[in-house]
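Colleague: Below is the structure I would like to discuss, written out as structure tokens.
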2 protein chains.
Amino acid sequence: MRVRLEDVAKAAGVSPKTVSRVLNNEENVREPTREKVLAAMAAMDYRPHLSARSLASNRSYLVAALYDNPSSNYLTEIQTGVLDACDEHHYSMMVRPLLVEAPDFVQRVDALIAHHRPDGFVLTPPITEHPVLLAHLRERGVPFASVSPVQHASAIGAFIDEPRAAREMVGHLLSLGHRRIAHVIGHPAHGASGWRLAGYREALAAAGLPYDPALVMEGDFSFGSGVAAARALFSLADRPTAVFAANDDMAAGVIWAAGEHGLAVPRDVSVCGFDDTPISRQIWPTLTTIRQPSREMGRIAALQLLASLRGRGEEQMVQLPFALQVRESTAPVA
Amino acid sequence: MRVRLEDVAKAAGVSPKTVSRVLNNEENVREPTREKVLAAMAAMDYRPHLSARSLASNRSYLVAALYDNPSSNYLTEIQTGVLDACDEHHYSMMVRPLLVEAPDFVQRVDALIAHHRPDGFVLTPPITEHPVLLAHLRERGVPFASVSPVQHASAIGAFIDEPRAAREMVGHLLSLGHRRIAHVIGHPAHGASGWRLAGYREALAAAGLPYDPALVMEGDFSFGSGVAAARALFSLADRPTAVFAANDDMAAGVIWAAGEHGLAVPRDVSVCGFDDTPISRQIWPTLTTIRQPSREMGRIAALQLLASLRGRGEEQMVQLPFALQVRESTAPVA
DNA sequence: ATGCGGTTTGACAGCGCTGTCAGGCACTGC
DNA sequence: GCAGTGCCTGACAGCGCTGTCAAACCGCAT
């Protein structure tokens, strides 16, 4: 038979309620009492019954991570981070893929809330930007934390300074002597696309270079869109000597298109991406890119959420560091 | 206030217990009664309280998916499939990354059982092959289903006929006129590696070709190991005209190494992989490979598990179809 | 010694559901 | 007409924990 809280209480010579207090780290338990109880718990290898706690306390000890994102590497990283945080606090995590575009999107989240009653949500892009959902969650009083949201105001979670990362990336190209630097924009629905474009423009401006719309192509984060954009860029009379793609997949596409045009990377053209996904190390030349601490972002976002569940009132939007990964796809201008 | 089972009972004019019976699809409820209750449930939008059910019935309505696998695409697919099945049956899913090699591997699973009390597990390779864990689960009476296990006996879940898939792949190369066909083996810890090798050998034998150990290189499913294997192969005096790599990442490595050796794919050498991961469409030439129905495999494995939880006794190891995806990386021998 | 405010502890009910078991009902065969 | 047999339904307790509230206790001032 399982060890129950009552058994621990008996062994420690206190009331069940006191054990409960210790279990929940409540205040107003004298230190000797707390220690007695903790000792008994440890000795008996006591594990609280999640469902019983949940039923009695009207909390689920459950965090739901929502996503609608084709990039599984990014997602598994974030998932793992959220799980780390949940484990630390004895919460459970459930994951839920969704289609933001689906007409019943919000209803599906509602059904999830009704069925599983998560204590809170961790949102990942692009769900972080769904105004109807956000309003709905606020209205229903379900707390949530966001990973890399565009709107930081009144949100908690984790993010990196994307414009600055993009500036550093372009700065790296500038420092190599490049002056004609192209940019391939990401998917328009993702806030990151706008940020990275902004960083690109700022870096050019800071270097006193003009912004040339002919060097900026639209993409959608896919390999194919990188190929298409690069074909156009490499066909220009005055072609760029460097291309900054808003993510790694598109950068890989740019490298492929360079080969098609007889251009060697990085000899004839430098290429860089963003995200440091595995593909950046799987292609040749390996890709200069920006590393995001995705797992840590998931973890921190979840920790902020859990803090807000405890009502500490210290929750915030935490900025995390990124890192420029210089690899083989960028070189000084010929 | 939430609608409770008791409220439904009142509205339907029956006892709570009868509503409970209808909720759980129990037998021995007269049809008119059942309909009355279902109507009341629907009218009131009743959602049972998971924790209360779980506490009272001593079941968690939770399935845990365990994995230790670097391939996030494969995993997210399987996860989604398992989730599909769980949703269909109003179960929850939790995911848990683990390190099979870690000394406390089994203890971690134990802790998971103690804490979350899942009703069952879905195992993915290579966890499907961990004899100590399997024995432990059986001993503790925790049911599990496996995706692509090596040992089919006394297990339930889903799989594809891997040797046959490998045979078809090699058969495709043979039909293109290739006779010197090399193979890059996968990670030795994965059962799939052995199966794919076996299929390769069978196909050669069926075609009356000798098995040449010089054409079989060891890899570990990584891009880099594909590069290394291909370098050796392409340096042979009598180099192969086709390379069958045991997964897509290694095939991509082979293609890269071909470029390094001045060989064009598929003109000078045909290359094919296995798994149909996104990389197979992201590289050039796009990769001929085998598509596994990963999502469906996750779903079916979970359904088998759920069936066994209901004690139907019809659970089995279900074989699913694979599909040869012919793309641009294979062509008739020159 | 007594009273006071604050801290620490415990008694008790009940969260929403299901297991158990007993009772009611309808139909059968004699 | 009555016991016997299944089928269907309900009463009740209780799953393991926590919220509420009251009681006990403590230290200190009077």
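Letters A, B, ... mark the chains of the structure tokens in the order given; residue numbers begin at 1 per chain; ligand numbers begin at 1, in order shown.
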Please determine the contact residues of chain B with respect to chain C at a cut-off of 10 Å, counting only C-alpha atoms (C1' of nucleotides), and supply them as a list in words.
Modeller: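 Taken together, these residues fit the definition: Arg4, Leu5, Glu6, Pro16, Lys17, Ser20, Arg21, Pro48, His49, Leu50, Ser51, Ala52, Arg53, Ser54, Leu55, Ala56, Ser57 and Asn58 of chain B.
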Colleague: Would you output that residue set with C-alpha atoms, as a PDB file, in the first residue's frame?
Modeller:
```pdb
ATOM      1  CA  ARG B   4     -20.831  18.878 -11.594  1.00  0.00           C
ATOM      2  CA  LEU B   5     -21.942  15.356 -12.135  1.00  0.00           C
ATOM      3  CA  GLU B   6     -24.510  15.827  -9.401  1.00  0.00           C
ATOM      4  CA  PRO B  16     -25.188  10.522  -9.687  1.00  0.00           C
ATOM      5  CA  LYS B  17     -24.013   6.975  -9.990  1.00  0.00           C
ATOM      6  CA  SER B  20     -21.175   8.155 -13.792  1.00  0.00           C
ATOM      7  CA  ARG B  21     -22.053   4.940 -15.565  1.00  0.00           C
ATOM      8  CA  PRO B  48     -15.955  15.747 -15.726  1.00  0.00           C
ATOM      9  CA  HIS B  49     -13.325  16.775 -13.246  1.00  0.00           C
ATOM     10  CA  LEU B  50     -10.216  14.804 -14.118  1.00  0.00           C
ATOM     11  CA  SER B  51      -8.702  14.850 -10.660  1.00  0.00           C
ATOM     12  CA  ALA B  52     -11.888  13.762  -8.981  1.00  0.00           C
ATOM     13  CA  ARG B  53     -12.253  10.872 -11.385  1.00  0.00           C
ATOM     14  CA  SER B  54      -8.676   9.973 -10.926  1.00  0.00           C
ATOM     15  CA  LEU B  55      -8.833  10.108  -7.157  1.00  0.00           C
ATOM     16  CA  ALA B  56     -11.979   8.039  -6.935  1.00  0.00           C
ATOM     17  CA  SER B  57     -11.095   5.486  -9.572  1.00  0.00           C
ATOM     18  CA  ASN B  58      -7.409   5.203  -8.878  1.00  0.00           C
TER      19      ASN B  58
END
```
Colleague: Write out as a PyMOL selection string every residue belonging to chain B that has an atom at most 8 Å from any atom of chain A, counting only C-alpha atoms.
Modeller: chain B and resi 47-52+54-55+60+72-73+76+80+92-95+97+114-116+223-224+253+256+282-284
Colleague: Please return, as a PyMOL selection string, all residues of chain D lying within 6 Å of chain A when only C-alpha atoms (C1' of nucleotides) are considered.
Modeller: chain D and resi 16-18
Colleague: Taking the chain letters and numbering used in this document, name the residues of region 134-314 of chain A that DSSP puts in strand (DSSP E or B), as a PyMOL selection string.
Modeller: chain A and resi 144-147+157-160+181-185+216-218+242-245+270-272+275+288-291
Colleague: Can you work out the spacing between CA of Val63 (chain A) and CA of Arg295 (chain B) in Å, to one decimal?
Modeller: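 So the answer is 23.8 Å.
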Colleague: Any idea what the distance is between CA of Lys36 (chain A) and CA of Asn24 (chain A)?
Modeller: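 Rounded to one decimal, the two atoms are 15.2 Å apart.
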Colleague: Running DSSP on the backbone, which parts of region 25-263 of chain A land in helix (DSSP H, G or I), as a PyMOL selection string?
Modeller: chain A and resi 31-44+50-57+72-88+105-116+127-129+131-140+162-175+191-206+213-215+223-234+248-260
Colleague: Just want the 9 Å neighbourhood of Val142 (chain B), counted on only C-alpha atoms (C1' of nucleotides), with same-chain residues fewer than 6 positions away dropped. Output as a list in words.
Modeller: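 Once the adjacent positions are removed, what remains is Ile113, Pro118, Asp119, Gly120, Phe121 and His136 of chain B.
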Colleague: Taking N, CA and C atoms for each residue, export the selection above as a PDB file, in the first residue's frame.
Modeller:
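Listed below is the output, again-v1.pdb:
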```pdb
ATOM      1  N   ILE B 113       6.734   7.406 -12.351  1.00  0.00           N
ATOM      2  CA  ILE B 113       5.578   6.579 -12.009  1.00  0.00           C
ATOM      3  C   ILE B 113       5.027   6.995 -10.648  1.00  0.00           C
ATOM      4  N   PRO B 118       1.193   7.465 -14.332  1.00  0.00           N
ATOM      5  CA  PRO B 118       0.559   7.273 -15.632  1.00  0.00           C
ATOM      6  C   PRO B 118      -0.066   5.889 -15.704  1.00  0.00           C
ATOM      7  N   ASP B 119      -1.153   5.797 -16.441  1.00  0.00           N
ATOM      8  CA  ASP B 119      -1.793   4.495 -16.610  1.00  0.00           C
ATOM      9  C   ASP B 119      -0.989   3.606 -17.554  1.00  0.00           C
ATOM     10  N   GLY B 120      -0.138   4.242 -18.370  1.00  0.00           N
ATOM     11  CA  GLY B 120       0.674   3.446 -19.286  1.00  0.00           C
ATOM     12  C   GLY B 120       1.726   4.298 -19.968  1.00  0.00           C
ATOM     13  N   PHE B 121       2.626   3.621 -20.677  1.00  0.00           N
ATOM     14  CA  PHE B 121       3.708   4.309 -21.366  1.00  0.00           C
ATOM     15  C   PHE B 121       3.689   4.032 -22.856  1.00  0.00           C
ATOM     16  N   HIS B 136      11.321  -4.119 -15.645  1.00  0.00           N
ATOM     17  CA  HIS B 136      10.841  -3.337 -14.506  1.00  0.00           C
ATOM     18  C   HIS B 136       9.369  -2.952 -14.675  1.00  0.00           C
TER      19      HIS B 136
END
```
